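Have a look at model.txt below; it lists compact mmCIF, C-alpha atoms.
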```txt
# COMPACT_ATOMS: atom_id res chain seq x y z
CA MET N 160 0.00 0.00 0.00
CA ASP N 161 1.03 3.56 -0.74
CA LYS N 162 3.13 4.99 2.10
CA ARG N 163 1.11 8.21 2.04
CA ILE N 164 -1.94 6.30 3.20
CA TYR N 165 -0.10 5.00 6.26
CA TYR N 166 1.09 8.50 7.12
CA VAL N 167 -2.51 9.75 7.14
CA LEU N 168 -3.79 6.64 8.92
CA ARG N 169 -1.36 7.14 11.80
CA ILE N 170 -2.92 10.50 12.57
CA ALA N 171 -6.46 9.37 11.78
CA ASP N 172 -6.25 6.26 13.97
CA ALA N 173 -4.61 8.13 16.82
CA CYS N 174 -7.58 10.51 16.86
CA LEU N 175 -10.11 7.72 16.45
CA ILE N 176 -8.72 5.48 19.18
CA HIS N 177 -8.06 8.31 21.63
CA GLY N 178 -11.56 9.61 20.96
CA GLN N 179 -12.96 6.16 21.72
CA ARG N 180 -11.02 6.03 24.99
CA LEU N 181 -12.17 9.49 26.06
CA GLY N 182 -15.74 8.53 25.23
CA GLU N 183 -15.50 5.93 27.98
CA TRP N 184 -15.51 8.80 30.48
CA CYS N 185 -19.00 9.84 29.42
CA GLY N 186 -21.11 9.63 32.56
CA HIS N 187 -18.10 8.88 34.77
CA ALA N 188 -16.08 12.10 35.02
CA PRO N 189 -15.53 13.56 38.50
CA ILE N 190 -17.99 16.41 37.93
CA VAL N 191 -20.69 16.98 35.32
CA GLU N 192 -18.92 20.01 33.86
CA GLU N 193 -15.78 17.97 33.20
CA ASP N 194 -17.90 15.12 31.86
CA ILE N 195 -19.10 17.45 29.12
CA ALA N 196 -15.63 18.91 28.57
CA LEU N 197 -14.03 15.48 28.07
CA THR N 198 -16.74 14.30 25.70
CA ASN N 199 -16.32 17.55 23.74
CA VAL N 200 -12.66 16.61 23.30
CA ALA N 201 -13.65 13.07 22.33
CA LEU N 202 -16.07 14.36 19.71
CA ASP N 203 -13.44 16.71 18.29
CA HIS N 204 -11.17 13.68 17.91
CA ILE N 205 -13.87 11.65 16.17
CA GLY N 206 -14.47 14.58 13.80
CA GLN N 207 -10.76 14.77 13.00
CA ALA N 208 -10.67 11.00 12.48
CA ARG N 209 -13.65 11.12 10.11
CA ALA N 210 -12.02 13.71 7.86
CA LEU N 211 -8.65 11.95 7.90
CA LEU N 212 -10.10 8.49 7.29
CA THR N 213 -12.09 9.84 4.37
CA LEU N 214 -8.86 11.25 2.96
CA ALA N 215 -7.04 7.95 3.53
CA GLY N 216 -9.85 6.10 1.74
CA GLU N 217 -9.60 8.45 -1.22
CA LEU N 218 -5.82 8.04 -1.40
CA GLU N 219 -6.30 4.29 -1.31
CA GLY N 220 -8.86 4.43 -4.13
CA ARG N 221 -10.56 1.14 -3.30
CA GLY N 222 -13.89 2.64 -2.35
CA ARG N 223 -13.48 2.37 1.42
CA ASP N 224 -15.17 5.26 3.21
CA GLU N 225 -14.65 6.55 6.76
CA ASP N 226 -16.97 3.92 8.26
CA ALA N 227 -15.33 1.03 6.45
CA LEU N 228 -11.92 2.18 7.69
CA ALA N 229 -13.07 2.97 11.23
CA PHE N 230 -15.07 -0.17 11.87
CA LEU N 231 -14.17 -2.91 9.42
CA ARG N 232 -10.41 -3.20 9.64
CA GLN N 233 -8.47 -5.84 11.55
CA GLU N 234 -6.29 -4.90 14.53
CA ARG N 235 -3.03 -5.06 12.55
CA GLU N 236 -4.36 -2.50 10.06
CA TYR N 237 -4.73 0.24 12.69
CA ARG N 238 -1.73 2.55 12.78
CA ASN N 239 -2.18 4.61 15.95
CA PRO N 240 0.79 4.97 18.28
CA THR N 241 0.34 2.59 21.21
CA MET N 242 -0.03 5.25 23.93
CA LEU N 243 -3.46 6.25 22.67
CA GLU N 244 -4.97 2.78 23.04
CA LEU N 245 -3.87 2.30 26.68
CA PRO N 246 -6.72 2.16 29.21
CA ASN N 247 -7.69 5.53 30.65
CA GLY N 248 -6.52 4.77 34.16
CA ASP N 249 -7.44 7.48 36.66
CA PHE N 250 -8.33 11.07 35.85
CA ALA N 251 -4.71 12.21 36.18
CA ARG N 252 -3.51 9.75 33.56
CA THR N 253 -6.40 10.69 31.27
CA VAL N 254 -5.75 14.42 31.33
CA LEU N 255 -1.99 13.97 31.05
CA ARG N 256 -2.43 11.86 27.92
CA VAL N 257 -4.80 14.47 26.46
CA PHE N 258 -2.15 17.10 27.19
CA LEU N 259 0.74 15.12 25.66
CA TRP N 260 -1.24 14.28 22.53
CA ALA N 261 -2.81 17.73 22.11
CA SER N 262 0.65 19.30 22.38
CA PHE N 263 1.88 16.93 19.70
CA MET N 264 -1.14 17.58 17.47
CA LYS N 265 -0.59 21.30 17.84
CA VAL N 266 2.95 21.17 16.44
CA LEU N 267 1.95 18.58 13.82
CA CYS N 268 -1.03 20.59 12.59
CA LYS N 269 1.10 23.72 12.34
CA ALA N 270 3.64 21.84 10.26
CA LEU N 271 0.92 20.35 8.05
CA ALA N 272 -0.14 23.85 6.99
CA THR N 273 2.43 23.55 4.19
CA SER N 274 1.48 20.01 3.16
CA THR N 275 1.47 19.36 -0.57
CA ASN N 276 -1.92 17.72 -0.05
CA ALA N 277 -4.46 20.57 0.16
CA GLN N 278 -7.05 18.40 1.88
CA LEU N 279 -4.61 17.41 4.61
CA SER N 280 -3.54 21.00 5.24
CA ALA N 281 -7.20 22.08 5.42
CA ILE N 282 -8.01 19.35 7.97
CA ALA N 283 -4.93 20.39 9.96
CA ALA N 284 -5.97 24.06 9.96
CA LYS N 285 -9.40 23.17 11.34
CA SER N 286 -7.98 20.72 13.88
CA LEU N 287 -5.41 23.22 15.12
CA LYS N 288 -8.12 25.37 16.71
CA GLU N 289 -9.58 22.33 18.44
CA VAL N 290 -6.33 20.93 19.78
CA ARG N 291 -5.21 24.33 21.09
CA TYR N 292 -8.21 24.22 23.38
CA HIS N 293 -7.58 20.57 24.29
CA GLN N 294 -4.06 21.54 25.27
CA GLN N 295 -5.19 24.48 27.37
CA HIS N 296 -7.93 22.58 29.16
CA SER N 297 -5.86 19.47 29.87
CA GLY N 298 -2.74 21.50 30.68
CA ASP N 299 -4.76 23.37 33.26
CA TRP N 300 -5.63 20.08 34.96
CA VAL N 301 -2.04 18.83 34.76
CA VAL N 302 -0.95 21.92 36.71
CA ARG N 303 -3.81 21.70 39.21
CA LEU N 304 -3.09 18.05 39.96
CA GLY N 305 0.70 18.17 39.68
CA ASP N 306 0.90 21.18 41.96
CA GLY N 307 -2.10 20.15 44.09
CA THR N 308 -2.42 17.91 47.09
CA GLU N 309 0.00 15.16 48.04
CA GLU N 310 -2.33 12.58 46.51
CA SER N 311 -2.98 14.46 43.26
CA ALA N 312 0.76 15.10 42.80
CA ARG N 313 1.49 11.41 43.36
CA ARG N 314 -1.16 10.40 40.83
CA MET N 315 0.16 12.87 38.23
CA SER N 316 3.71 11.71 38.74
CA ASP N 317 2.60 8.04 38.44
CA ALA N 318 0.77 8.94 35.23
CA LEU N 319 3.88 10.54 33.79
CA ALA N 320 6.02 7.54 34.70
CA LEU N 321 3.56 5.24 32.95
CA LEU N 322 2.92 7.31 29.81
CA TRP N 323 6.30 8.90 29.13
CA PRO N 324 8.07 5.83 27.65
CA TYR N 325 5.22 5.47 25.13
CA ALA N 326 5.90 8.93 23.68
CA ALA N 327 9.27 7.76 22.34
CA GLU N 328 7.48 5.85 19.58
CA TRP N 329 6.09 9.09 18.15
CA PHE N 330 9.55 10.37 17.29
CA ALA N 331 11.09 7.11 16.05
CA ASP N 332 11.03 7.66 12.29
CA ASP N 333 10.70 4.98 9.64
CA ASP N 334 10.23 4.83 5.85
CA ILE N 335 6.74 6.27 6.10
CA ASP N 336 8.02 9.41 7.84
CA ARG N 337 10.93 9.77 5.42
CA ASP N 338 8.66 9.35 2.41
CA ALA N 339 6.22 11.97 3.71
CA GLN N 340 9.04 14.39 4.45
CA ALA N 341 10.56 13.91 1.01
CA SER N 342 7.28 14.29 -0.88
CA GLY N 343 6.14 17.28 1.18
CA LEU N 344 3.05 15.46 2.43
CA GLY N 345 4.00 16.19 6.03
CA PRO N 346 6.89 16.35 8.46
CA ALA N 347 8.79 13.31 9.66
CA TRP N 348 7.54 13.12 13.23
CA SER N 349 11.07 13.18 14.65
CA THR N 350 11.40 16.77 13.44
CA LEU N 351 8.58 17.77 15.81
CA GLU N 352 10.20 16.55 19.03
CA SER N 353 11.94 19.76 20.09
CA ASP N 354 8.84 21.87 19.40
CA TRP N 355 6.76 19.35 21.34
CA MET N 356 9.11 19.52 24.30
CA ALA N 357 8.91 23.31 24.20
CA GLU N 358 5.09 23.04 24.37
CA LEU N 359 5.34 20.83 27.46
CA GLN N 360 7.91 22.92 29.28
CA PRO N 361 5.81 25.73 30.84
CA VAL N 362 3.06 23.37 31.96
CA PHE N 363 5.50 20.80 33.35
CA GLU N 364 7.33 23.51 35.23
CA ALA N 365 4.12 24.83 36.81
CA ALA N 366 3.02 21.26 37.55
CA LYS N 367 6.38 20.39 39.13
CA LEU N 368 6.94 17.62 36.60
CA SER N 369 10.08 16.87 34.60
CA PRO N 370 10.50 14.89 31.38
CA LEU N 371 11.93 11.48 32.17
CA ALA N 372 15.10 9.97 30.78
CA ASP N 373 14.83 8.09 27.50
CA THR N 374 14.72 4.30 27.72
CA PRO N 375 15.21 1.61 25.05
CA PHE N 376 11.46 0.84 25.28
CA ARG N 377 9.78 1.42 21.89
CA THR N 378 6.20 0.53 21.18
CA THR N 379 5.09 -0.42 17.67
CA GLY N 380 1.45 0.66 17.25
CA LYS N 381 2.44 2.89 14.31
CA ARG N 382 3.43 -0.29 12.46
CA GLY N 383 0.20 -2.08 13.40
CA VAL N 384 1.61 -4.17 16.24
CA HIS N 385 -0.47 -3.19 19.24
CA SER N 386 -0.68 -3.75 22.98
CA GLU N 387 -2.95 -6.35 24.57
CA HIS N 388 -5.55 -3.63 25.20
CA MET N 389 -6.26 -2.94 21.54
CA GLY N 390 -8.35 -6.03 20.80
CA TYR N 391 -10.82 -5.27 23.58
CA LEU N 392 -11.13 -1.67 22.51
CA LEU N 393 -11.82 -2.67 18.90
CA ALA N 394 -14.30 -5.35 19.94
CA GLU N 395 -16.36 -2.77 21.77
CA MET N 396 -15.97 -0.11 19.08
CA GLN N 397 -16.76 -2.41 16.16
CA THR N 398 -19.52 -4.55 17.59
CA LEU N 399 -22.47 -2.52 16.41
CA PRO N 400 -21.41 -1.90 12.79
CA ARG N 401 -20.39 -5.55 12.48
CA ALA N 402 -23.60 -6.89 13.98
CA PHE N 403 -25.81 -4.51 11.99
CA PRO N 404 -23.98 -3.70 8.73
CA GLY N 405 -25.00 -0.35 7.31
CA ALA N 406 -26.85 0.67 10.46
CA VAL N 407 -27.79 4.36 10.64
CA TRP N 408 -29.32 6.49 13.40
CA MET W 219 -17.95 33.09 51.39
CA SER W 220 -18.91 29.56 52.29
CA THR W 221 -16.50 27.67 54.47
CA ASP W 222 -17.79 24.35 53.14
CA ARG W 223 -14.77 22.76 51.41
CA THR W 224 -16.63 19.74 50.09
CA GLU W 225 -18.07 21.49 47.06
CA TRP W 226 -16.71 23.99 44.56
CA PRO W 227 -18.37 27.40 44.50
CA LEU W 228 -21.22 28.17 42.16
CA TRP W 229 -20.78 30.56 39.23
CA GLU W 230 -23.40 32.27 37.07
CA VAL W 231 -22.71 32.17 33.34
CA PHE W 232 -23.52 34.94 30.87
CA VAL W 233 -23.08 34.36 27.14
CA ARG W 234 -23.15 36.87 24.32
CA SER W 235 -24.26 35.34 21.04
CA LYS W 236 -22.64 36.21 17.73
CA SER W 237 -25.37 38.64 16.74
CA GLY W 238 -26.22 39.69 20.28
CA LEU W 239 -25.38 43.01 21.87
CA ASP W 240 -25.56 41.99 25.50
CA HIS W 241 -24.50 39.04 27.60
CA LYS W 242 -27.51 36.99 28.64
CA HIS W 243 -27.72 34.81 31.71
CA CYS W 244 -27.85 31.20 30.60
CA GLY W 245 -27.23 29.11 33.70
CA SER W 246 -24.73 28.21 36.38
CA LEU W 247 -21.98 25.71 37.09
CA HIS W 248 -19.50 24.64 39.74
CA ALA W 249 -15.79 25.46 39.40
CA SER W 250 -12.92 25.86 41.80
CA ASP W 251 -11.81 29.26 40.49
CA ALA W 252 -12.39 31.84 37.75
CA ALA W 253 -10.07 30.26 35.19
CA MET W 254 -11.79 26.90 35.51
CA ALA W 255 -15.22 28.53 35.47
CA ILE W 256 -14.53 30.19 32.12
CA GLN W 257 -13.36 26.91 30.59
CA MET W 258 -16.29 24.97 31.97
CA ALA W 259 -18.69 27.66 30.76
CA ARG W 260 -17.24 27.28 27.29
CA ASP W 261 -17.72 23.52 27.39
CA VAL W 262 -21.13 23.44 29.02
CA TYR W 263 -22.87 26.47 27.49
CA THR W 264 -21.30 27.22 24.09
CA ARG W 265 -20.98 23.78 22.51
CA ARG W 266 -23.79 24.45 20.03
CA GLN W 267 -22.29 27.66 18.64
CA GLU W 268 -24.19 29.83 21.09
CA GLY W 269 -21.45 32.20 22.01
CA ALA W 270 -18.89 34.77 20.99
CA SER W 271 -18.08 35.90 24.53
CA VAL W 272 -18.53 34.48 28.01
CA TRP W 273 -18.73 36.10 31.44
CA VAL W 274 -18.75 34.26 34.73
CA VAL W 275 -19.59 35.73 38.13
CA ARG W 276 -19.45 34.08 41.52
CA SER W 277 -23.08 33.48 42.47
CA ASP W 278 -22.47 34.73 45.99
CA GLN W 279 -21.28 38.05 44.56
CA ILE W 280 -24.67 38.78 43.05
CA VAL W 281 -26.98 40.91 45.18
CA ALA W 282 -30.61 40.15 44.39
CA SER W 283 -33.84 41.85 45.23
CA ASP W 284 -35.98 40.19 47.84
CA PRO W 285 -38.96 38.33 46.30
CA ASP W 286 -41.08 39.41 49.29
CA THR W 287 -40.67 43.08 48.34
CA LYS W 288 -42.17 42.55 44.89
CA ASP W 289 -45.33 44.54 45.72
CA MET W 290 -43.36 47.52 46.88
CA PHE W 291 -40.59 47.32 44.29
CA PHE W 292 -42.33 46.62 41.02
CA GLU W 293 -46.09 46.97 41.13
CA PRO W 294 -46.16 50.76 41.51
CA ALA W 295 -44.70 51.03 37.99
CA GLU W 296 -47.61 49.19 36.42
CA ASP W 297 -49.93 52.15 35.89
CA LYS W 298 -47.25 54.72 34.91
CA VAL W 299 -47.69 54.37 31.18
CA TYR W 300 -46.28 57.86 30.63
CA ARG W 301 -42.83 56.55 31.61
CA HIS W 302 -42.59 54.69 28.33
CA PRO W 303 -40.99 56.83 25.65
CA THR W 304 -43.79 56.01 23.20
CA PHE W 305 -44.89 59.62 22.83
CA TYR W 306 -41.74 60.67 21.00
CA LYS W 307 -40.60 60.20 17.43
CA LEU W 308 -37.18 58.55 17.33
CA PRO W 309 -34.65 60.01 14.89
CA ALA W 310 -33.88 57.44 12.22
CA ASP W 311 -30.18 57.33 13.18
CA VAL W 312 -30.83 56.11 16.71
CA ASP W 313 -30.37 52.35 16.89
CA HIS W 314 -30.96 49.93 19.71
CA MET W 315 -33.43 51.85 21.85
```

Would you put the structure from the file into structure tokens?
Amino acid sequence: MDKRIYYVLRIADACLIHGQRLGEWCGHAPIVEEDIALTNVALDHIGQARALLTLAGELEGRGRDEDALAFLRQEREYRNPTMLELPNGDFARTVLRVFLWASFMKVLCKALATSTNAQLSAIAAKSLKEVRYHQQHSGDWVVRLGDGTEESARRMSDALALLWPYAAEWFADDDIDRDAQASGLGPAWSTLESDWMAELQPVFEAAKLSPLADTPFRTTGKRGVHSEHMGYLLAEMQTLPRAFPGAVW
Amino acid sequence: MSTDRTEWPLWEVFVRSKSGLDHKHCGSLHASDAAMAIQMARDVYTRRQEGASVWVVRSDQIVASDPDTKDMFFEPAEDKVYRHPTFYKLPADVDHM
């Protein structure tokens, strides 16, 4: 398959799977206001995924639309980085992941403004406004919890210890990144790392958090090899469209 | 201010719509401080394109008239029709009266 499709699918699937995870908070957030805020973020992600999956389907040219790509692929065909499929954990881990991903999306969407694919740059321009808010809202919570009570600080620091090693995958380039960079489709993700770190810095400082040392641990979701959590997530997400093909509201 | 630490304070939310001139009261929410209240107001009250601007005010900062004084406060105005500026011709250039 065309490498361009994989480049788009990595972003599309990250948004789709993270949106699905955030949707699990619906009805369970600590307060009703945050319940609505988190589901707003989830819906933004699903909207981004829809546009990107449609684009991926068009690049593929085999007649697969957003629904076919979202609901009728096998686990190995999903290209999201592994971090986004991990279970939500507690509220601290949830908001930290939103913050890490929104900060990444912010620098990615800015860079995609000059994409040679006009559709991709248009999707990025629209998404940029959404993810700037995601970053602000989640960053606010990261600071409140990180610089909060003894318990909230412990939970935030545990969340960072768990999530941080999974971010390394984002910046580990492969042929798909190099192809996108060369063709002007989008940046190799490794080129975004320093800008991403700069986005984290003020919030981490206020939250009394520090980036952790790099480890050899590299996840492989971007290549379709996922964690043990992915199958359960897909089973829940796909059950309705598979049981009732073509179902509509 | 309440000394109850088990619940966040209540805030009143005012939203100005895109075409609107004034902020209209649209509800309330709980938030721990002003920054959070503004964000929550955005998420709770402007998710269907309602707003172009949001105000929040601590509910306990609002001074309200006493419902029991309604007779004294408002009813005397009922028969003072001459207080309405309906006996004047407005110049065409005056908007928003």

Which residues come within 10 Å of segment 333-344 of chain N, counting only C-alpha atoms, excluding same-chain residues fewer than 2 positions away, as a short mmCIF file (atom, residue, chain, number, x, y, z; two decimals) with C-alpha atoms, in the frame of the given file?
```cif
data_model
loop_
_atom_site.label_atom_id
_atom_site.label_comp_id
_atom_site.auth_asym_id
_atom_site.auth_seq_id
_atom_site.Cartn_x
_atom_site.Cartn_y
_atom_site.Cartn_z
CA ASP N 161 1.03 3.56 -0.74
CA LYS N 162 3.13 4.99 2.10
CA ARG N 163 1.11 8.21 2.04
CA ILE N 164 -1.94 6.30 3.20
CA TYR N 165 -0.10 5.00 6.26
CA TYR N 166 1.09 8.50 7.12
CA VAL N 167 -2.51 9.75 7.14
CA ARG N 169 -1.36 7.14 11.80
CA LEU N 271 0.92 20.35 8.05
CA THR N 273 2.43 23.55 4.19
CA SER N 274 1.48 20.01 3.16
CA THR N 275 1.47 19.36 -0.57
CA ASN N 276 -1.92 17.72 -0.05
CA ALA N 277 -4.46 20.57 0.16
CA LEU N 279 -4.61 17.41 4.61
CA SER N 280 -3.54 21.00 5.24
CA PHE N 330 9.55 10.37 17.29
CA ALA N 331 11.09 7.11 16.05
CA PRO N 346 6.89 16.35 8.46
CA ALA N 347 8.79 13.31 9.66
CA TRP N 348 7.54 13.12 13.23
CA SER N 349 11.07 13.18 14.65
CA THR N 350 11.40 16.77 13.44
CA LYS N 381 2.44 2.89 14.31
CA ARG N 382 3.43 -0.29 12.46
#
```

Return as CSV the residues of chain W lying at most 9 Å from chain N, together with the closest atom-to-atom pair for each and the distance in Å to one decimal, counting all atoms listed in the file, with rows in chain order and ascending residue number.
```
residue,atom,partner,partner_atom,distance
W:Leu247,CA,N:Glu192,CA,7.2
W:His248,CA,N:Glu192,CA,7.5
W:Ala249,CA,N:Glu192,CA,8.4
W:Ala253,CA,N:Asp299,CA,8.9
W:Met254,CA,N:Asp299,CA,8.2
W:Gln257,CA,N:His296,CA,7.1
W:Met258,CA,N:Glu192,CA,5.9
W:Ala259,CA,N:Glu192,CA,8.3
W:Arg260,CA,N:Ala196,CA,8.6
W:Asp261,CA,N:Ala196,CA,5.2
W:Val262,CA,N:Ile195,CA,6.3
W:Arg265,CA,N:Asn199,CA,7.9
```

**Message:** Env of His293 of chain N: 12 Å cut, atoms = all atoms listed in the file, seq-sep filter 3 positions within chain, self excluded. Answer as an MDAnalysis selection string.
**Reply:** (chainID N and resid 196:204 254:265 286:290 296:301) or (chainID W and resid 257 261)

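Between atom CA of Cys174 of chain N and atom CA of Leu212 of chain N the separation is 10.1 Å.
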
Per-residue nearest contacts segment 187-302 of chain N to segment 368-379 of chain N, cut-off 10 Å, using all atoms listed in the file, as a tab-separated table:
```
residue	atom	partner	partner_atom	distance
N:Arg238	CA	N:Thr379	CA	8.9
N:Asn239	CA	N:Thr379	CA	9.0
N:Pro240	CA	N:Thr379	CA	6.9
N:Thr241	CA	N:Thr378	CA	6.2
N:Met242	CA	N:Thr378	CA	8.3
N:Val301	CA	N:Leu368	CA	9.2
N:Val302	CA	N:Leu368	CA	9.0
```

Residues near Trp273 of chain W, cut-off 8 Å, all atoms listed in the file, skip fewer than 6 positions along chain, as a PDB file with C-alpha atoms, in the coordinates of the input:
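The result, written out as selection29.pdb:
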```pdb
ATOM      1  CA  VAL W 231     -22.710  32.170  33.340  1.00  0.00           C
ATOM      2  CA  PHE W 232     -23.520  34.940  30.870  1.00  0.00           C
ATOM      3  CA  VAL W 233     -23.080  34.360  27.140  1.00  0.00           C
ATOM      4  CA  HIS W 241     -24.500  39.040  27.600  1.00  0.00           C
ATOM      5  CA  ILE W 256     -14.530  30.190  32.120  1.00  0.00           C
TER       6      ILE W 256
END
```

**Message:** Between atom CA of Pro285 of chain W and atom CA of Lys298 of chain W, what distance in Å does the model show, to one decimal?
**Reply:** 21.6 Å

**Message:** Using Å and a single decimal, report how far atom CA of Arg276 of chain W sits from atom CA of Gly245 of chain W.
**Reply:** 12.1 Å
